[in-house]
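Visitor: Sharing my_file-v1.pdb here; it has PDB, C-alpha atoms, pLDDT in the B column.
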```pdb
ATOM      1  CA  MET A   1      10.890  15.637  16.786  1.00 50.00           C
ATOM      2  CA  SER A   2       7.825  14.215  18.533  1.00 51.00           C
ATOM      3  CA  THR A   3       4.816  13.705  16.314  1.00 54.00           C
ATOM      4  CA  ASP A   4       1.557  15.541  16.754  1.00 68.00           C
ATOM      5  CA  PRO A   5      -0.860  13.259  18.674  1.00 72.00           C
ATOM      6  CA  ILE A   6      -3.210  13.201  15.690  1.00 79.00           C
ATOM      7  CA  TRP A   7      -0.487  11.631  13.530  1.00 86.00           C
ATOM      8  CA  ARG A   8       0.347   9.076  16.191  1.00 89.00           C
ATOM      9  CA  GLN A   9      -3.313   8.105  16.218  1.00 90.00           C
ATOM     10  CA  THR A  10      -3.125   7.646  12.449  1.00 92.00           C
ATOM     11  CA  LEU A  11      -0.111   5.356  12.831  1.00 95.00           C
ATOM     12  CA  LEU A  12      -1.855   3.343  15.540  1.00 94.00           C
ATOM     13  CA  GLN A  13      -4.607   2.441  13.064  1.00 93.00           C
ATOM     14  CA  GLY A  14      -2.055   0.166  11.379  1.00 94.00           C
ATOM     15  CA  HIS A  15      -1.415  -3.298  12.787  1.00 94.00           C
ATOM     16  CA  TRP A  16       2.361  -3.115  12.391  1.00 96.00           C
ATOM     17  CA  PHE A  17       2.944   0.083  14.328  1.00 96.00           C
ATOM     18  CA  LYS A  18       0.217  -0.706  16.890  1.00 95.00           C
ATOM     19  CA  HIS A  19       1.936  -3.974  17.846  1.00 96.00           C
ATOM     20  CA  LEU A  20       5.451  -2.557  18.139  1.00 97.00           C
ATOM     21  CA  PRO A  21       6.991  -2.326  21.618  1.00 96.00           C
ATOM     22  CA  LEU A  22       6.096   1.056  23.092  1.00 96.00           C
ATOM     23  CA  SER A  23       9.800   1.878  23.337  1.00 96.00           C
ATOM     24  CA  LEU A  24      10.214   1.370  19.571  1.00 97.00           C
ATOM     25  CA  GLN A  25       7.098   3.424  18.823  1.00 95.00           C
ATOM     26  CA  ASP A  26       8.569   6.258  20.873  1.00 94.00           C
ATOM     27  CA  SER A  27      11.978   5.931  19.219  1.00 95.00           C
ATOM     28  CA  LEU A  28      10.495   6.087  15.729  1.00 95.00           C
ATOM     29  CA  THR A  29       8.274   9.074  16.427  1.00 93.00           C
ATOM     30  CA  GLY A  30      11.190  10.771  18.158  1.00 93.00           C
ATOM     31  CA  LEU A  31      13.392  10.374  15.085  1.00 95.00           C
ATOM     32  CA  ALA A  32      10.630  11.255  12.637  1.00 94.00           C
ATOM     33  CA  ARG A  33      10.333  14.270  10.393  1.00 94.00           C
ATOM     34  CA  LEU A  34       7.282  15.401   8.473  1.00 95.00           C
ATOM     35  CA  ARG A  35       7.456  15.533   4.687  1.00 96.00           C
ATOM     36  CA  GLU A  36       4.892  17.061   2.359  1.00 97.00           C
ATOM     37  CA  LEU A  37       4.734  16.330  -1.358  1.00 98.00           C
ATOM     38  CA  ALA A  38       2.866  18.155  -4.084  1.00 98.00           C
ATOM     39  CA  PRO A  39       0.734  16.191  -6.567  1.00 97.00           C
ATOM     40  CA  GLY A  40       2.980  14.287  -8.971  1.00 96.00           C
ATOM     41  CA  GLN A  41       6.161  14.943  -6.966  1.00 98.00           C
ATOM     42  CA  TYR A  42       8.612  12.050  -6.698  1.00 97.00           C
ATOM     43  CA  LEU A  43       9.776  10.984  -3.258  1.00 98.00           C
ATOM     44  CA  PHE A  44      12.384   8.736  -4.836  1.00 97.00           C
ATOM     45  CA  GLN A  45      12.938   6.923  -8.116  1.00 95.00           C
ATOM     46  CA  ARG A  46      14.269   3.530  -9.095  1.00 94.00           C
ATOM     47  CA  GLY A  47      18.035   3.457  -8.626  1.00 95.00           C
ATOM     48  CA  ASP A  48      18.127   6.200  -5.981  1.00 96.00           C
ATOM     49  CA  ALA A  49      20.196   5.608  -2.863  1.00 96.00           C
ATOM     50  CA  PRO A  50      18.373   4.461   0.294  1.00 95.00           C
ATOM     51  CA  CYS A  51      16.969   7.409   2.229  1.00 95.00           C
ATOM     52  CA  GLY A  52      15.001   5.820   5.047  1.00 96.00           C
ATOM     53  CA  LEU A  53      11.580   4.562   6.036  1.00 97.00           C
ATOM     54  CA  TYR A  54       8.262   6.321   5.436  1.00 98.00           C
ATOM     55  CA  ALA A  55       4.687   6.179   6.712  1.00 97.00           C
ATOM     56  CA  VAL A  56       1.770   7.724   4.849  1.00 97.00           C
ATOM     57  CA  LEU A  57      -0.213  10.089   7.070  1.00 96.00           C
ATOM     58  CA  SER A  58      -2.589  11.444   4.426  1.00 95.00           C
ATOM     59  CA  GLY A  59      -3.004  11.039   0.697  1.00 95.00           C
ATOM     60  CA  SER A  60      -1.500   8.154  -1.244  1.00 95.00           C
ATOM     61  CA  MET A  61       1.783   7.230  -2.921  1.00 97.00           C
ATOM     62  CA  ARG A  62       1.938   5.662  -6.368  1.00 96.00           C
ATOM     63  CA  VAL A  63       4.588   2.896  -6.329  1.00 96.00           C
ATOM     64  CA  GLY A  64       5.671   1.448  -9.663  1.00 94.00           C
ATOM     65  CA  ALA A  65       7.959   1.957 -12.618  1.00 90.00           C
ATOM     66  CA  VAL A  66       7.956   3.161 -16.212  1.00 87.00           C
ATOM     67  CA  SER A  67       9.845   1.288 -18.927  1.00 81.00           C
ATOM     68  CA  SER A  68      12.093   2.975 -21.474  1.00 80.00           C
ATOM     69  CA  GLU A  69       9.196   2.621 -23.935  1.00 83.00           C
ATOM     70  CA  GLY A  70       6.907   4.541 -21.577  1.00 79.00           C
ATOM     71  CA  LYS A  71       4.864   1.563 -20.379  1.00 84.00           C
ATOM     72  CA  GLU A  72       3.856   1.891 -16.733  1.00 85.00           C
ATOM     73  CA  ALA A  73       3.685  -0.843 -14.115  1.00 86.00           C
ATOM     74  CA  LEU A  74       1.689   0.243 -11.066  1.00 92.00           C
ATOM     75  CA  LEU A  75       2.356  -2.076  -8.136  1.00 91.00           C
ATOM     76  CA  THR A  76       0.135  -0.402  -5.582  1.00 93.00           C
ATOM     77  CA  LEU A  77      -1.161   2.819  -4.091  1.00 94.00           C
ATOM     78  CA  VAL A  78       0.241   3.184  -0.571  1.00 95.00           C
ATOM     79  CA  GLU A  79      -2.223   4.907   1.753  1.00 94.00           C
ATOM     80  CA  ALA A  80      -2.362   5.802   5.441  1.00 94.00           C
ATOM     81  CA  PRO A  81      -1.302   4.245   7.775  1.00 94.00           C
ATOM     82  CA  HIS A  82       1.059   2.080   5.698  1.00 95.00           C
ATOM     83  CA  TRP A  83       4.837   2.144   6.034  1.00 97.00           C
ATOM     84  CA  PHE A  84       7.145   1.600   3.066  1.00 96.00           C
ATOM     85  CA  GLY A  85      10.803   1.716   2.060  1.00 95.00           C
ATOM     86  CA  GLU A  86      12.052  -1.089   4.305  1.00 96.00           C
ATOM     87  CA  ILE A  87      13.700  -3.201   1.575  1.00 94.00           C
ATOM     88  CA  SER A  88      16.597  -0.772   1.193  1.00 94.00           C
ATOM     89  CA  LEU A  89      16.909  -0.644   4.980  1.00 95.00           C
ATOM     90  CA  PHE A  90      17.862  -4.325   4.959  1.00 95.00           C
ATOM     91  CA  ASP A  91      20.145  -4.587   1.950  1.00 95.00           C
ATOM     92  CA  GLY A  92      21.398  -1.018   1.555  1.00 94.00           C
ATOM     93  CA  GLN A  93      20.772  -1.311  -2.184  1.00 95.00           C
ATOM     94  CA  PRO A  94      19.189   1.327  -4.450  1.00 96.00           C
ATOM     95  CA  ARG A  95      15.442   1.810  -4.575  1.00 95.00           C
ATOM     96  CA  THR A  96      13.654  -0.864  -6.583  1.00 92.00           C
ATOM     97  CA  HIS A  97      10.760   1.327  -7.805  1.00 94.00           C
ATOM     98  CA  ASP A  98       9.511   4.885  -8.127  1.00 96.00           C
ATOM     99  CA  ALA A  99       7.407   6.447  -5.368  1.00 97.00           C
ATOM    100  CA  GLN A 100       5.328   9.395  -6.580  1.00 97.00           C
ATOM    101  CA  ALA A 101       2.646  11.451  -4.854  1.00 97.00           C
ATOM    102  CA  GLU A 102      -0.888  10.770  -6.063  1.00 94.00           C
ATOM    103  CA  GLY A 103      -2.328  14.136  -5.123  1.00 93.00           C
ATOM    104  CA  ALA A 104      -1.055  16.032  -2.087  1.00 97.00           C
ATOM    105  CA  VAL A 105       0.639  13.713   0.409  1.00 98.00           C
ATOM    106  CA  ARG A 106       1.907  14.054   3.964  1.00 97.00           C
ATOM    107  CA  LEU A 107       4.491  11.546   5.151  1.00 97.00           C
ATOM    108  CA  LEU A 108       6.394  10.668   8.284  1.00 96.00           C
ATOM    109  CA  TRP A 109      10.071  10.118   7.444  1.00 97.00           C
ATOM    110  CA  ILE A 110      12.653   8.205   9.496  1.00 97.00           C
ATOM    111  CA  PRO A 111      16.073   8.985   7.917  1.00 97.00           C
ATOM    112  CA  GLN A 112      18.203   5.956   7.027  1.00 97.00           C
ATOM    113  CA  ALA A 113      21.257   6.927   9.076  1.00 97.00           C
ATOM    114  CA  ALA A 114      19.223   7.619  12.221  1.00 97.00           C
ATOM    115  CA  LEU A 115      17.301   4.361  11.846  1.00 97.00           C
ATOM    116  CA  LEU A 116      20.466   2.298  11.338  1.00 97.00           C
ATOM    117  CA  ALA A 117      22.017   3.945  14.395  1.00 97.00           C
ATOM    118  CA  LEU A 118      18.944   2.978  16.446  1.00 97.00           C
ATOM    119  CA  LEU A 119      19.107  -0.605  15.186  1.00 97.00           C
ATOM    120  CA  GLY A 120      22.818  -0.734  15.972  1.00 97.00           C
ATOM    121  CA  GLN A 121      22.031   0.182  19.566  1.00 97.00           C
ATOM    122  CA  GLN A 122      18.926  -2.022  19.808  1.00 97.00           C
ATOM    123  CA  PRO A 123      19.465  -4.955  17.389  1.00 97.00           C
ATOM    124  CA  GLU A 124      16.440  -6.802  18.794  1.00 97.00           C
ATOM    125  CA  TYR A 125      14.282  -4.345  16.832  1.00 97.00           C
ATOM    126  CA  TRP A 126      15.433  -5.821  13.522  1.00 97.00           C
ATOM    127  CA  ARG A 127      12.797  -8.534  13.925  1.00 97.00           C
ATOM    128  CA  ASP A 128      10.031  -5.927  13.967  1.00 97.00           C
ATOM    129  CA  PHE A 129      11.194  -4.519  10.649  1.00 97.00           C
ATOM    130  CA  ALA A 130      11.528  -8.032   9.250  1.00 97.00           C
ATOM    131  CA  LEU A 131       7.851  -8.545  10.110  1.00 96.00           C
ATOM    132  CA  LEU A 132       6.967  -5.400   8.180  1.00 95.00           C
ATOM    133  CA  MET A 133       8.695  -6.778   5.093  1.00 94.00           C
ATOM    134  CA  SER A 134       7.364 -10.316   5.506  1.00 94.00           C
ATOM    135  CA  GLN A 135       3.764  -9.072   5.651  1.00 91.00           C
ATOM    136  CA  LYS A 136       4.199  -7.507   2.225  1.00 90.00           C
ATOM    137  CA  LEU A 137       5.948 -10.586   0.887  1.00 91.00           C
ATOM    138  CA  ARG A 138       2.892 -12.662   1.782  1.00 90.00           C
ATOM    139  CA  TRP A 139       0.669 -10.362  -0.273  1.00 87.00           C
ATOM    140  CA  VAL A 140       3.106 -10.567  -3.199  1.00 88.00           C
ATOM    141  CA  PHE A 141       2.852 -14.365  -3.149  1.00 90.00           C
ATOM    142  CA  VAL A 142      -0.959 -14.136  -3.063  1.00 86.00           C
ATOM    143  CA  ALA A 143      -0.923 -11.762  -6.044  1.00 85.00           C
ATOM    144  CA  LEU A 144       1.411 -14.049  -8.006  1.00 86.00           C
ATOM    145  CA  GLU A 145      -0.835 -17.021  -7.312  1.00 86.00           C
ATOM    146  CA  GLN A 146      -3.908 -15.106  -8.445  1.00 84.00           C
ATOM    147  CA  GLN A 147      -2.108 -13.950 -11.582  1.00 83.00           C
ATOM    148  CA  SER A 148      -1.388 -17.573 -12.482  1.00 84.00           C
ATOM    149  CA  LEU A 149      -4.599 -19.311 -11.402  1.00 85.00           C
ATOM    150  CA  LEU A 150      -7.520 -16.887 -11.598  1.00 87.00           C
ATOM    151  CA  ALA A 151      -9.345 -15.428 -14.554  1.00 92.00           C
ATOM    152  CA  ALA A 152      -9.439 -11.658 -14.906  1.00 94.00           C
ATOM    153  CA  ALA A 153     -12.825 -11.073 -13.255  1.00 94.00           C
ATOM    154  CA  PRO A 154     -12.086 -12.911  -9.979  1.00 94.00           C
ATOM    155  CA  ARG A 155      -8.703 -11.161  -9.840  1.00 94.00           C
ATOM    156  CA  VAL A 156     -10.418  -7.785 -10.045  1.00 95.00           C
ATOM    157  CA  ALA A 157     -12.830  -8.760  -7.268  1.00 94.00           C
ATOM    158  CA  HIS A 158      -9.995 -10.097  -5.099  1.00 92.00           C
ATOM    159  CA  ARG A 159      -7.903  -6.963  -5.495  1.00 93.00           C
ATOM    160  CA  LEU A 160     -10.811  -4.711  -4.577  1.00 95.00           C
ATOM    161  CA  LEU A 161     -11.361  -6.729  -1.403  1.00 93.00           C
ATOM    162  CA  GLN A 162      -7.648  -6.572  -0.577  1.00 91.00           C
ATOM    163  CA  ILE A 163      -7.555  -2.807  -1.040  1.00 93.00           C
ATOM    164  CA  ALA A 164     -10.695  -2.405   1.064  1.00 92.00           C
ATOM    165  CA  ALA A 165      -9.026  -4.379   3.863  1.00 89.00           C
ATOM    166  CA  GLY A 166      -5.836  -2.348   3.595  1.00 88.00           C
ATOM    167  CA  TYR A 167      -3.990  -5.522   2.552  1.00 87.00           C
ATOM    168  CA  GLY A 168      -4.530  -6.835   6.073  1.00 83.00           C
ATOM    169  CA  GLU A 169      -2.913  -3.828   7.748  1.00 86.00           C
ATOM    170  CA  MET A 170      -6.080  -2.239   9.136  1.00 82.00           C
ATOM    171  CA  ASP A 171      -9.013  -3.326  11.285  1.00 74.00           C
ATOM    172  CA  GLY A 172     -12.260  -3.521   9.373  1.00 70.00           C
ATOM    173  CA  THR A 173     -12.793  -2.650   5.736  1.00 78.00           C
ATOM    174  CA  ARG A 174     -13.556   0.482   3.764  1.00 86.00           C
ATOM    175  CA  ARG A 175     -16.588   0.712   1.546  1.00 90.00           C
ATOM    176  CA  VAL A 176     -15.453   3.584  -0.690  1.00 92.00           C
ATOM    177  CA  LEU A 177     -12.101   3.204  -2.479  1.00 93.00           C
ATOM    178  CA  GLN A 178     -10.419   6.265  -3.957  1.00 91.00           C
ATOM    179  CA  LEU A 179      -9.317   4.352  -7.015  1.00 92.00           C
ATOM    180  CA  SER A 180      -9.745   4.957 -10.726  1.00 92.00           C
ATOM    181  CA  GLN A 181     -10.434   2.215 -13.236  1.00 93.00           C
ATOM    182  CA  GLU A 182      -7.148   3.041 -14.973  1.00 93.00           C
ATOM    183  CA  GLN A 183      -5.190   2.576 -11.738  1.00 94.00           C
ATOM    184  CA  LEU A 184      -6.886  -0.749 -11.065  1.00 95.00           C
ATOM    185  CA  ALA A 185      -6.150  -1.910 -14.619  1.00 95.00           C
ATOM    186  CA  LEU A 186      -2.462  -1.024 -14.232  1.00 93.00           C
ATOM    187  CA  MET A 187      -2.218  -2.887 -10.919  1.00 92.00           C
ATOM    188  CA  LEU A 188      -3.596  -6.057 -12.487  1.00 93.00           C
ATOM    189  CA  SER A 189      -1.851  -5.768 -15.876  1.00 90.00           C
ATOM    190  CA  LEU A 190      -5.226  -5.703 -17.616  1.00 93.00           C
ATOM    191  CA  SER A 191      -6.423  -3.419 -20.359  1.00 93.00           C
ATOM    192  CA  ARG A 192      -8.604  -0.515 -19.303  1.00 93.00           C
ATOM    193  CA  GLN A 193     -11.373  -1.840 -21.561  1.00 95.00           C
ATOM    194  CA  THR A 194     -11.323  -5.283 -19.925  1.00 96.00           C
ATOM    195  CA  THR A 195     -11.276  -3.757 -16.449  1.00 96.00           C
ATOM    196  CA  ASN A 196     -14.178  -1.462 -17.308  1.00 95.00           C
ATOM    197  CA  GLN A 197     -16.247  -4.383 -18.605  1.00 96.00           C
ATOM    198  CA  ILE A 198     -15.580  -6.433 -15.464  1.00 96.00           C
ATOM    199  CA  LEU A 199     -16.424  -3.534 -13.147  1.00 96.00           C
ATOM    200  CA  LYS A 200     -19.679  -2.865 -14.995  1.00 95.00           C
ATOM    201  CA  SER A 201     -20.551  -6.549 -14.662  1.00 94.00           C
ATOM    202  CA  LEU A 202     -19.816  -6.428 -10.925  1.00 94.00           C
ATOM    203  CA  GLN A 203     -22.012  -3.342 -10.675  1.00 94.00           C
ATOM    204  CA  GLN A 204     -24.840  -5.144 -12.459  1.00 94.00           C
ATOM    205  CA  GLU A 205     -24.403  -8.027  -9.991  1.00 91.00           C
ATOM    206  CA  GLY A 206     -25.031  -5.544  -7.182  1.00 93.00           C
ATOM    207  CA  ALA A 207     -21.567  -5.955  -5.688  1.00 93.00           C
ATOM    208  CA  LEU A 208     -20.333  -2.400  -6.201  1.00 94.00           C
ATOM    209  CA  ARG A 209     -21.116   1.070  -7.495  1.00 95.00           C
ATOM    210  CA  LEU A 210     -18.874   2.996  -9.863  1.00 95.00           C
ATOM    211  CA  GLY A 211     -18.254   6.711  -9.339  1.00 92.00           C
ATOM    212  CA  TYR A 212     -15.853   9.287 -10.697  1.00 90.00           C
ATOM    213  CA  GLY A 213     -12.404   8.276  -9.439  1.00 89.00           C
ATOM    214  CA  GLU A 214     -13.875   5.937  -6.859  1.00 92.00           C
ATOM    215  CA  ILE A 215     -15.388   2.499  -6.429  1.00 95.00           C
ATOM    216  CA  GLU A 216     -17.927   1.804  -3.684  1.00 95.00           C
ATOM    217  CA  ILE A 217     -18.293  -1.758  -2.420  1.00 94.00           C
ATOM    218  CA  VAL A 218     -22.029  -2.142  -1.912  1.00 94.00           C
ATOM    219  CA  ASP A 219     -22.190  -5.840  -1.011  1.00 93.00           C
ATOM    220  CA  PRO A 220     -18.876  -7.249   0.332  1.00 92.00           C
ATOM    221  CA  ALA A 221     -20.288 -10.774   0.662  1.00 92.00           C
ATOM    222  CA  ARG A 222     -21.440 -10.722  -2.939  1.00 92.00           C
ATOM    223  CA  LEU A 223     -18.064  -9.431  -4.085  1.00 93.00           C
ATOM    224  CA  GLN A 224     -16.352 -12.196  -2.094  1.00 91.00           C
ATOM    225  CA  ALA A 225     -18.512 -14.806  -3.828  1.00 92.00           C
ATOM    226  CA  LEU A 226     -17.683 -13.308  -7.209  1.00 87.00           C
ATOM    227  CA  ALA A 227     -13.983 -13.424  -6.330  1.00 87.00           C
ATOM    228  CA  SER A 228     -14.155 -17.212  -6.205  1.00 78.00           C
ATOM    229  CA  PRO A 229     -12.914 -19.086  -9.293  1.00 69.00           C
ATOM    230  CA  ALA A 230     -16.359 -20.696  -9.381  1.00 61.00           C
ATOM    231  CA  GLY A 231     -18.167 -17.398  -8.915  1.00 52.00           C
ATOM    232  CA  THR A 232     -20.462 -15.861 -11.475  1.00 44.00           C
ATOM    233  CA  ALA A 233     -17.847 -13.186 -12.184  1.00 39.00           C
ATOM    234  CA  THR A 234     -15.940 -15.765 -14.206  1.00 38.00           C
ATOM    235  CA  ARG A 235     -18.739 -16.065 -16.722  1.00 38.00           C
TER     236      ARG A 235
END
```
What does the file become when written as C-alpha cells?
Guide:
Amino acid sequence: MSTDPIWRQTLLQGHWFKHLPLSLQDSLTGLARLRELAPGQYLFQRGDAPCGLYAVLSGSMRVGAVSSEGKEALLTLVEAPHWFGEISLFDGQPRTHDAQAEGAVRLLWIPQAALLALLGQQPEYWRDFALLMSQKLRWVFVALEQQSLLAAAPRVAHRLLQIAAGYGEMDGTRRVLQLSQEQLALMLSLSRQTTNQILKSLQQEGALRLGYGEIEIVDPARLQALASPAGTATR
C-alpha cells in the first residue's frame, strides 16, 4: 500500500524518517498499512509477541505498564510523527510495555515479517533502525540523570521542555501541550498533589498557563531558566 501524501508529509515532520534514504522511505510506505484505534484500545500489551513497527499519524499512544497491585507507570505519550516498537524488531523478544490509545489514534503499521524480509534483502538499513533506537536511549539516560540529580520542580520544567520539543524528533517547539497534570505526574513518578503545586508555581512565575487537559508554555526562556538546578523553581 502507498500512503496518502498527507500522511507522508506527517512522517516527514520527524527527523528520523526525513533523513532516511529515499529508497527506504519508499519501501516503508510501500509495506505500510493503516491502523485505527478507539479510545482506550490496546495496540499491544507487555509480553505480547513482536508485531512490527508503528508510526503515530494522529492522536497519541500511552506507553507504560500496570503492576499487579494496579499501580501505573506511564513512560511517555507517543505522538505524531514518532515511530515506536523497534526494540522487538532487534531482539525478537516480547513487548516490554503496554501501548494503549489515548483517545482516537491513527497509526501506520509495518508488519514484523515484511520488515524483517526487507532488512534481509537490504541489511545496510539496519543502521537506520539502530539510530531510531539509539535516539530514544539517549533520552532515557537524560531522564535517569534528572531523576537522580534534580529536585522535583526542575524535573517538571525539563520534561515540559522535552515534550514541547518532541524529544528532539521535530523542528521547533510546540507551545500548547495536550497533557493532563495526572499524566505528567505519572511520567515523573511524582504525586499529583506535588505536580499540581509545582505547575501552579511555574504559572505564577509566568512560565506557563494551565488549562483543562493542556499546558501552554507562555515563556520558554523562563521555563528553561526554572529547569536549571539553580533556578527559582527549586525554591
Visitor: Take every atom of range 48-54 of chain A listed in the file, pad by 3 Å on each side, and give me the axis-aligned box centre and edge lengths in Å, one decimal, as AutoDock Vina command-line options.
Guide:
```
--center_x 14.2 --center_y 5.9 --center_z 0.0 --size_x 17.9 --size_y 8.9 --size_z 18.0
```
Visitor: Specify as a list in words each residue included when the PyMOL selection byres ((chain A and resi 202) around 10) is applied to this file.
Guide: Ala153, Val156, Ala157, Asn196, Gln197, Ile198, Leu199, Lys200, Ser201, Gln203, Gln204, Glu205, Gly206, Ala207, Leu208, Arg209, Leu210, Ile217, Arg222, Leu223, Leu226, Thr232 and Ala233 of chain A
Visitor: Once the PyMOL selection byres ((chain A and resi 85-100) around 8) has been applied to the shown file, what residues remain in the selection, as an MDAnalysis selection string?
Guide: chainID A and resid 40:50 52:54 61:65 83:84 101:102 112 116 129 132:133
Visitor: Quick one, how far is CA of Ala225 in chain A from CA of Gln181 in chain A?
Guide: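 A separation of 21.1 Å between them.
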Visitor: Go through A:Asp219, A:Tyr167, A:Ala143, A:Leu186 one by one, measure the shortest atom-to-atom distance of each to Gly14 in chain A using all atoms listed in the file, and give the residue with the smallest value.
Guide: A:Tyr167
Visitor: Figure out the distance between CA of Pro39 in chain A and CA of Arg155 in chain A, please, to one decimal in Å.
Guide: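 Atom-to-atom, CA of Arg155 in chain A to CA of Pro39 in chain A, that is 29.1 Å.
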Visitor: For the atom pair CA of Val105 in chain A and CA of Val66 in chain A, what is the interatomic distance in Å to one decimal place?
Guide: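 It comes out at 21.0 Å.
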Visitor: Of the candidates A:Ala55, A:Leu179, A:Ile163, A:Leu144, which shows the shortest atom-to-atom distance to Trp7 in chain A, using all atoms listed in the file?
Guide: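 Among the listed residues, the smallest separation from Trp7 in chain A belongs to A:Ala55.
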Visitor: So, with only C-alpha atoms as the atoms that count, which of A:Leu184, A:Leu74, A:Leu20, A:Leu119 lies closest to His158 in chain A?
Guide: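 Of the candidates, the smallest distance to His158 in chain A is held by A:Leu184.
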Visitor: What do you get, as a ChimeraX atom specification, if you spell out every residue that the PyMOL selection byres ((chain A and resi 174-177) around 10) selects here?
Guide: /A:160-161,163-166,170-173,178-180,208-211,213-220
Visitor: Which residues, written as a list in words, have at least one atom at most 10 Å from Pro81 in chain A, with all atoms listed in the file counted and residues fewer than 4 positions away on the same chain left out?
Guide: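 Using all atoms listed in the file, the neighbours found are Trp7, Arg8, Gln9, Thr10, Leu11, Leu12, Gln13, Gly14, His15, Trp16, Phe17, Ala55, Val56, Leu57, Ser58, Gly59, Ser60, Leu107, Gly166, Glu169 and Met170 of chain A.
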Visitor: Counting only C-alpha atoms, which residue out of A:Ser189, A:Trp109, A:Glu69, A:Val78 sits closest to Leu31 in chain A?
Guide: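 Ranking A:Ser189, A:Trp109, A:Glu69, A:Val78 by distance to Leu31 in chain A, first place goes to A:Trp109.
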Visitor: Would you mind listing what lies within 12 Å of Ser23 in chain A as a list in words, with all atoms listed in the file counted and same-chain residues fewer than 6 positions away left out?
Guide: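 Answer for this query is Phe17, Thr29, Gly30, Leu118, Gln122, Glu124 and Tyr125 of chain A.
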